[in-house]
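Source file: final39.cif. Holds: mmCIF, C-alpha atoms.
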```
data_upload
#
loop_
_atom_site.group_PDB
_atom_site.id
_atom_site.type_symbol
_atom_site.label_atom_id
_atom_site.label_comp_id
_atom_site.auth_asym_id
_atom_site.auth_seq_id
_atom_site.Cartn_x
_atom_site.Cartn_y
_atom_site.Cartn_z
ATOM 1 C CA MET A 1 65.179 97.671 119.810
ATOM 2 C CA SER A 2 63.576 95.955 116.886
ATOM 3 C CA SER A 3 64.481 92.444 115.779
ATOM 4 C CA GLU A 4 64.139 93.166 112.046
ATOM 5 C CA PRO A 5 67.291 92.730 109.920
ATOM 6 C CA PRO A 6 68.550 95.774 108.050
ATOM 7 C CA PRO A 7 67.326 96.080 104.437
ATOM 8 C CA PRO A 8 69.721 94.705 101.758
ATOM 9 C CA PRO A 9 71.818 97.278 99.884
ATOM 10 C CA GLN A 10 70.295 98.413 96.607
ATOM 11 C CA PRO A 11 72.347 98.299 93.375
ATOM 12 C CA PRO A 12 73.255 101.684 91.909
ATOM 13 C CA THR A 13 70.742 103.021 89.436
ATOM 14 C CA HIS A 14 72.741 105.649 87.586
ATOM 15 C CA GLN A 15 73.465 104.958 83.881
ATOM 16 C CA ALA A 16 77.282 104.574 84.054
ATOM 17 C CA SER A 17 77.223 101.622 86.437
ATOM 18 C CA VAL A 18 74.201 99.858 84.920
ATOM 19 C CA GLY A 19 76.113 99.058 81.711
ATOM 20 C CA LEU A 20 78.942 97.465 83.675
ATOM 21 C CA LEU A 21 76.653 94.913 85.289
ATOM 22 C CA GLU A 22 75.227 93.669 82.015
ATOM 23 C CA THR A 23 77.044 90.934 80.144
ATOM 24 C CA PRO A 24 76.721 90.328 76.413
ATOM 25 C CA LYS A 25 74.450 87.358 75.764
ATOM 26 C CA GLY A 26 75.524 86.101 72.347
ATOM 27 C CA ARG A 27 78.615 87.735 70.944
ATOM 28 C CA ASP A 28 79.237 87.351 67.228
ATOM 29 C CA ARG A 29 82.699 85.910 66.687
ATOM 30 C CA SER A 30 84.760 85.735 63.553
ATOM 31 C CA PRO A 31 85.099 82.274 61.998
ATOM 32 C CA SER A 32 88.766 81.745 62.874
ATOM 33 C CA PRO A 33 90.273 78.350 62.008
ATOM 34 C CA LEU A 34 92.263 78.497 65.273
ATOM 35 C CA ARG A 35 89.110 78.863 67.397
ATOM 36 C CA GLY A 36 88.384 75.122 67.769
ATOM 37 C CA ASN A 37 91.925 74.165 68.749
ATOM 38 C CA VAL A 38 93.615 74.483 72.099
ATOM 39 C CA VAL A 39 96.988 76.215 72.009
ATOM 40 C CA PRO A 40 99.380 74.877 74.656
ATOM 41 C CA SER A 41 100.558 77.257 77.325
ATOM 42 C CA PRO A 42 103.379 78.146 77.592
ATOM 43 C CA LEU A 43 104.149 77.748 73.896
ATOM 44 C CA PRO A 44 106.758 75.018 73.426
ATOM 45 C CA THR A 45 109.468 76.290 71.097
ATOM 46 C CA ARG A 46 112.633 74.812 69.680
ATOM 47 C CA ARG A 47 114.603 76.944 72.129
ATOM 48 C CA THR A 48 112.758 75.701 75.232
ATOM 49 C CA ARG A 49 112.706 72.027 74.216
ATOM 50 C CA THR A 50 115.151 69.789 76.070
ATOM 51 C CA PHE A 51 117.997 68.132 74.215
ATOM 52 C CA SER A 52 116.688 64.645 74.991
ATOM 53 C CA ALA A 53 113.226 65.520 73.592
ATOM 54 C CA THR A 54 114.866 66.852 70.437
ATOM 55 C CA VAL A 55 116.896 63.649 70.002
ATOM 56 C CA ARG A 56 113.821 61.449 70.548
ATOM 57 C CA ALA A 57 111.856 63.445 67.979
ATOM 58 C CA SER A 58 114.633 63.369 65.370
ATOM 59 C CA GLN A 59 114.918 59.586 65.676
ATOM 60 C CA GLY A 60 111.165 59.105 65.254
ATOM 61 C CA PRO A 61 109.258 58.335 62.055
ATOM 62 C CA VAL A 62 108.328 60.936 59.455
ATOM 63 C CA TYR A 63 104.607 61.677 59.099
ATOM 64 C CA LYS A 64 102.659 63.390 56.325
ATOM 65 C CA GLY A 65 99.869 65.902 56.669
ATOM 66 C CA VAL A 66 98.268 69.086 55.405
ATOM 67 C CA CYS A 67 98.592 72.526 56.970
ATOM 68 C CA LYS A 68 95.161 73.353 58.384
ATOM 69 C CA CYS A 69 96.024 76.917 59.354
ATOM 70 C CA PHE A 70 99.060 78.997 60.261
ATOM 71 C CA CYS A 71 99.207 82.544 61.601
ATOM 72 C CA ARG A 72 102.595 84.163 61.102
ATOM 73 C CA SER A 73 101.838 87.034 63.474
ATOM 74 C CA LYS A 74 100.870 84.651 66.300
ATOM 75 C CA GLY A 75 103.663 82.229 65.431
ATOM 76 C CA HIS A 76 101.721 78.999 65.396
ATOM 77 C CA GLY A 77 99.213 76.864 63.540
ATOM 78 C CA PHE A 78 97.914 73.318 63.170
ATOM 79 C CA ILE A 79 98.518 70.357 60.876
ATOM 80 C CA THR A 80 95.863 67.809 59.949
ATOM 81 C CA PRO A 81 97.529 64.362 59.797
ATOM 82 C CA ALA A 82 97.106 62.401 56.541
ATOM 83 C CA ASP A 83 96.126 59.279 58.484
ATOM 84 C CA GLY A 84 93.396 61.095 60.456
ATOM 85 C CA GLY A 85 93.392 61.841 64.138
ATOM 86 C CA PRO A 86 93.446 65.108 66.062
ATOM 87 C CA ASP A 87 95.172 68.210 64.706
ATOM 88 C CA ILE A 88 98.801 68.661 65.708
ATOM 89 C CA PHE A 89 100.240 71.920 67.042
ATOM 90 C CA LEU A 90 102.935 73.634 64.947
ATOM 91 C CA HIS A 91 105.241 76.403 66.220
ATOM 92 C CA ILE A 92 106.987 78.853 63.902
ATOM 93 C CA SER A 93 110.422 77.815 65.195
ATOM 94 C CA ASP A 94 109.924 74.249 63.918
ATOM 95 C CA VAL A 95 109.307 75.159 60.260
ATOM 96 C CA GLU A 96 112.227 74.289 57.982
ATOM 97 C CA GLY A 97 112.705 75.897 54.560
ATOM 98 C CA GLU A 98 112.126 79.284 53.029
ATOM 99 C CA TYR A 99 108.316 79.526 52.852
ATOM 100 C CA VAL A 100 105.714 80.383 55.472
ATOM 101 C CA PRO A 101 103.134 77.558 55.558
ATOM 102 C CA VAL A 102 99.616 78.376 54.369
ATOM 103 C CA GLU A 103 96.366 76.426 54.429
ATOM 104 C CA GLY A 104 96.503 73.449 52.087
ATOM 105 C CA ASP A 105 100.299 72.986 51.948
ATOM 106 C CA GLU A 106 101.393 69.355 52.127
ATOM 107 C CA VAL A 107 104.037 68.859 54.798
ATOM 108 C CA THR A 108 106.185 66.174 56.368
ATOM 109 C CA TYR A 109 107.005 66.314 60.061
ATOM 110 C CA LYS A 110 108.136 64.412 63.109
ATOM 111 C CA MET A 111 106.344 64.470 66.436
ATOM 112 C CA CYS A 112 107.395 65.437 69.930
ATOM 113 C CA SER A 113 105.347 65.364 73.130
ATOM 114 C CA ILE A 114 104.504 68.643 74.854
ATOM 115 C CA PRO A 115 105.483 68.961 78.532
ATOM 116 C CA PRO A 116 104.611 69.090 81.401
ATOM 117 C CA LYS A 117 102.169 66.157 81.138
ATOM 118 C CA ASN A 118 103.374 64.886 77.731
ATOM 119 C CA GLU A 119 99.766 64.166 76.744
ATOM 120 C CA LYS A 120 99.633 66.267 73.566
ATOM 121 C CA LEU A 121 101.846 66.242 70.493
ATOM 122 C CA GLN A 122 103.688 68.930 68.577
ATOM 123 C CA ALA A 123 105.009 68.801 65.010
ATOM 124 C CA VAL A 124 108.768 69.349 64.732
ATOM 125 C CA GLU A 125 111.165 69.427 61.758
ATOM 126 C CA VAL A 126 108.282 70.505 59.504
ATOM 127 C CA VAL A 127 109.126 70.626 55.787
ATOM 128 C CA ILE A 128 106.714 71.851 53.101
ATOM 129 C CA THR A 129 106.737 69.189 50.368
ATOM 130 C CA HIS A 130 104.090 70.657 48.008
ATOM 131 C CA LEU A 131 102.849 74.228 47.968
ATOM 132 C CA ALA A 132 99.064 74.590 47.794
ATOM 133 C CA PRO A 133 98.135 75.387 44.178
ATOM 134 C CA GLY A 134 96.565 78.759 43.428
ATOM 135 C CA THR A 135 97.773 80.435 46.612
ATOM 136 C CA LYS A 136 100.315 83.133 47.306
ATOM 137 C CA HIS A 137 103.247 82.051 49.432
ATOM 138 C CA GLU A 138 105.427 84.365 51.435
ATOM 139 C CA THR A 139 109.074 83.769 52.189
ATOM 140 C CA TRP A 140 110.418 84.472 55.671
ATOM 141 C CA SER A 141 112.097 87.598 54.267
ATOM 142 C CA GLY A 142 108.738 88.938 53.042
ATOM 143 C CA HIS A 143 108.788 88.244 49.280
ATOM 144 C CA VAL A 144 105.477 86.974 47.858
ATOM 145 C CA VAL A 145 105.510 84.131 45.316
ATOM 146 C CA SER A 146 102.435 82.782 43.481
ATOM 147 C CA SER A 147 102.133 79.031 43.038
#
```

Could you express the structure from this file as structure tokens?
Amino acid sequence: MSSEPPPPPQPPTHQASVGLLETPKGRDRSPSPLRGNVVPSPLPTRRTRTFSATVRASQGPVYKGVCKCFCRSKGHGFITPADGGPDIFLHISDVEGEYVPVEGDEVTYKMCSIPPKNEKLQAVEVVITHLAPGTKHETWSGHVVSS
């Protein structure tokens, strides 16, 4: 008997498996405005919010800000507060009124904490006060209006 260890297994060398082992080094990504923000998981909606959280939010102060981005197909976006600070998460179920928010719309909102840790904030009771000039706005029913 020899005391040498067996040789290590060799990786497969056929073409189909070689491509699976390689990972892309620097992938080009689209410049999405949502890319820098962290979307909470699971998404807190008006339906899943507790009654007490809704009451606390409705009794809170009204803040002003500008819609940074909003994706109707994903159902969420972010608001940049007028007084500075980090962007605030916005869910589609918390938008009041007839228009879908677009980048540059001035909005008023109230804030509610996001469970389970209540560390981050979410905009609730969002109302568009001024439509961004020179943009096309869509109503929830699908009609497009130029401003």

Considering only C-alpha atoms, can you say which of A:Ala53, A:Gln122, A:Ser58, A:Ser146 comes closest to A:Asp87?
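Counting only C-alpha atoms, the residue closest to A:Asp87 is A:Gln122.
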
Considering only C-alpha atoms, state which residue in the set A:Thr50, A:Gly77, A:Pro7, A:Leu90 is at the smallest distance from A:Pro115.
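Among A:Thr50, A:Gly77, A:Pro7, A:Leu90, it is A:Thr50 that comes nearest to A:Pro115.
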
Find the residues near A:Val145: any atom within 7 Å, counting only C-alpha atoms, skip ones fewer than 5 places away on the same chain, and give them as a list in words.
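Contacts, in chain order: Lys136, His137 and Glu138 of chain A.
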
Using only C-alpha atoms, which of the listed residues (A:Ser141, A:Thr135, A:Thr129, A:Asn118) sits closest to A:Glu96?
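Looking at the shortest contact to A:Glu96, the residue is A:Thr129.
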
Tell me which residues the PyMOL selection byres ((chain A and resi 97) around 10) grabs here, as a ChimeraX atom specification.
/A:94-96,98-101,125-129,139-140

Could you tell me how far atom CA of A:Glu119 lies from atom CA of A:Gly85, in Å and to one decimal?
14.3 Å

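Candidate residues A:Ile88, A:Cys69, A:Ile79, A:Val107 were compared for distance to A:His130, and the nearest is A:Val107, using all atoms listed in the file.
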
Point-to-point distance in Å for atom CA of A:Pro86 and atom CA of A:Lys120:
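About the pair atom CA of A:Lys120 and atom CA of A:Pro86: they are 9.8 Å apart.
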
So which residues get picked by the PyMOL selection byres ((chain A and resi 109) around 6) here, written as JSON, numbers by chain?
{"A": [62, 63, 108, 110, 123, 124, 125, 126]}

Should you be able to, write stretch 57-105 of chain A of this structure into a file that contains N, CA and C atoms, as a tab-separated table (two decimals), in the first residue's frame.
```tsv
chain	number	residue	atom	x	y	z
A	57	ALA	N	-50.30	57.87	12.04
A	57	ALA	CA	-49.85	58.60	10.85
A	57	ALA	C	-50.81	59.73	10.50
A	58	SER	N	-52.11	59.50	10.61
A	58	SER	CA	-53.08	60.53	10.24
A	58	SER	C	-53.07	61.70	11.22
A	59	GLN	N	-52.64	61.47	12.44
A	59	GLN	CA	-52.57	62.54	13.43
A	59	GLN	C	-51.25	63.30	13.36
A	60	GLY	N	-50.31	62.81	12.57
A	60	GLY	CA	-48.99	63.43	12.49
A	60	GLY	C	-48.99	64.66	11.60
A	61	PRO	N	-47.85	65.36	11.56
A	61	PRO	CA	-47.74	66.57	10.74
A	61	PRO	C	-47.70	66.24	9.25
A	62	VAL	N	-47.99	67.27	8.44
A	62	VAL	CA	-47.94	67.13	6.99
A	62	VAL	C	-46.58	67.66	6.52
A	63	TYR	N	-45.91	66.86	5.69
A	63	TYR	CA	-44.60	67.23	5.15
A	63	TYR	C	-44.73	67.52	3.66
A	64	LYS	N	-43.74	68.25	3.13
A	64	LYS	CA	-43.70	68.54	1.70
A	64	LYS	C	-42.46	67.90	1.10
A	65	GLY	N	-42.56	67.55	-0.16
A	65	GLY	CA	-41.43	66.95	-0.86
A	65	GLY	C	-41.67	66.90	-2.35
A	66	VAL	N	-40.73	66.28	-3.05
A	66	VAL	CA	-40.79	66.15	-4.50
A	66	VAL	C	-40.65	64.67	-4.84
A	67	CYS	N	-41.47	64.21	-5.76
A	67	CYS	CA	-41.40	62.81	-6.19
A	67	CYS	C	-40.09	62.60	-6.93
A	68	LYS	N	-39.24	61.72	-6.40
A	68	LYS	CA	-37.96	61.43	-7.03
A	68	LYS	C	-38.16	60.46	-8.18
A	69	CYS	N	-38.94	59.43	-7.96
A	69	CYS	CA	-39.24	58.45	-9.00
A	69	CYS	C	-40.46	57.65	-8.55
A	70	PHE	N	-41.18	57.12	-9.52
A	70	PHE	CA	-42.33	56.27	-9.23
A	70	PHE	C	-42.53	55.34	-10.41
A	71	CYS	N	-42.63	54.06	-10.14
A	71	CYS	CA	-42.84	53.05	-11.19
A	71	CYS	C	-44.22	52.44	-10.98
A	72	ARG	N	-45.12	52.74	-11.89
A	72	ARG	CA	-46.49	52.24	-11.75
A	72	ARG	C	-46.55	50.72	-11.84
A	73	SER	N	-45.73	50.13	-12.70
A	73	SER	CA	-45.78	48.68	-12.86
A	73	SER	C	-45.25	47.96	-11.62
A	74	LYS	N	-44.27	48.54	-10.94
A	74	LYS	CA	-43.76	47.93	-9.70
A	74	LYS	C	-44.61	48.32	-8.50
A	75	GLY	N	-45.27	49.48	-8.58
A	75	GLY	CA	-46.17	49.89	-7.51
A	75	GLY	C	-45.52	50.66	-6.39
A	76	HIS	N	-44.35	51.21	-6.63
A	76	HIS	CA	-43.71	51.99	-5.58
A	76	HIS	C	-42.73	53.00	-6.17
A	77	GLY	N	-42.29	53.91	-5.30
A	77	GLY	CA	-41.33	54.93	-5.69
A	77	GLY	C	-40.74	55.58	-4.45
A	78	PHE	N	-40.12	56.75	-4.64
A	78	PHE	CA	-39.50	57.45	-3.52
A	78	PHE	C	-39.76	58.94	-3.61
A	79	ILE	N	-39.83	59.58	-2.46
A	79	ILE	CA	-40.03	61.01	-2.34
A	79	ILE	C	-38.78	61.60	-1.70
A	80	THR	N	-38.31	62.73	-2.25
A	80	THR	CA	-37.22	63.47	-1.64
A	80	THR	C	-37.84	64.56	-0.77
A	81	PRO	N	-37.61	64.54	0.55
A	81	PRO	CA	-38.19	65.55	1.42
A	81	PRO	C	-37.68	66.95	1.10
A	82	ALA	N	-38.54	67.96	1.26
A	82	ALA	CA	-38.16	69.35	0.99
A	82	ALA	C	-37.11	69.84	1.99
A	83	ASP	N	-37.14	69.31	3.21
A	83	ASP	CA	-36.19	69.75	4.23
A	83	ASP	C	-34.91	68.94	4.22
A	84	GLY	N	-34.67	68.12	3.22
A	84	GLY	CA	-33.48	67.28	3.14
A	84	GLY	C	-33.71	65.95	3.82
A	85	GLY	N	-32.65	65.20	3.99
A	85	GLY	CA	-32.78	63.90	4.63
A	85	GLY	C	-32.89	62.79	3.61
A	86	PRO	N	-32.96	61.55	4.11
A	86	PRO	CA	-33.01	60.40	3.19
A	86	PRO	C	-34.35	60.32	2.46
A	87	ASP	N	-34.33	59.68	1.29
A	87	ASP	CA	-35.56	59.49	0.52
A	87	ASP	C	-36.53	58.62	1.29
A	88	ILE	N	-37.82	58.87	1.05
A	88	ILE	CA	-38.88	58.17	1.77
A	88	ILE	C	-39.64	57.28	0.80
A	89	PHE	N	-39.87	56.04	1.22
A	89	PHE	CA	-40.58	55.05	0.41
A	89	PHE	C	-42.03	55.45	0.21
A	90	LEU	N	-42.56	55.19	-0.98
A	90	LEU	CA	-43.95	55.50	-1.32
A	90	LEU	C	-44.56	54.28	-2.00
A	91	HIS	N	-45.68	53.79	-1.47
A	91	HIS	CA	-46.39	52.66	-2.09
A	91	HIS	C	-47.59	53.18	-2.86
A	92	ILE	N	-47.96	52.49	-3.92
A	92	ILE	CA	-49.05	52.91	-4.79
A	92	ILE	C	-50.38	53.04	-4.05
A	93	SER	N	-50.57	52.23	-3.00
A	93	SER	CA	-51.84	52.26	-2.28
A	93	SER	C	-51.99	53.51	-1.41
A	94	ASP	N	-50.92	54.27	-1.22
A	94	ASP	CA	-50.98	55.46	-0.37
A	94	ASP	C	-51.09	56.75	-1.16
A	95	VAL	N	-51.26	56.68	-2.47
A	95	VAL	CA	-51.39	57.87	-3.31
A	95	VAL	C	-52.86	58.25	-3.39
A	96	GLU	N	-53.16	59.48	-3.00
A	96	GLU	CA	-54.53	60.00	-3.07
A	96	GLU	C	-54.66	60.82	-4.36
A	97	GLY	N	-55.85	60.90	-4.92
A	97	GLY	CA	-56.07	61.72	-6.11
A	97	GLY	C	-56.15	60.89	-7.36
A	98	GLU	N	-56.24	61.61	-8.50
A	98	GLU	CA	-56.50	60.94	-9.76
A	98	GLU	C	-55.29	60.73	-10.63
A	99	TYR	N	-54.12	61.31	-10.29
A	99	TYR	CA	-52.95	61.20	-11.14
A	99	TYR	C	-51.90	60.27	-10.56
A	100	VAL	N	-51.18	59.60	-11.46
A	100	VAL	CA	-50.03	58.78	-11.08
A	100	VAL	C	-48.85	59.73	-10.90
A	101	PRO	N	-48.14	59.68	-9.77
A	101	PRO	CA	-47.01	60.59	-9.58
A	101	PRO	C	-45.89	60.32	-10.58
A	102	VAL	N	-45.25	61.40	-11.03
A	102	VAL	CA	-44.08	61.29	-11.90
A	102	VAL	C	-42.95	62.11	-11.28
A	103	GLU	N	-41.75	61.93	-11.80
A	103	GLU	CA	-40.59	62.64	-11.29
A	103	GLU	C	-40.80	64.15	-11.39
A	104	GLY	N	-40.57	64.84	-10.28
A	104	GLY	CA	-40.69	66.29	-10.25
A	104	GLY	C	-42.00	66.81	-9.69
A	105	ASP	N	-42.99	65.96	-9.46
A	105	ASP	CA	-44.26	66.41	-8.88
A	105	ASP	C	-44.04	66.83	-7.43
```
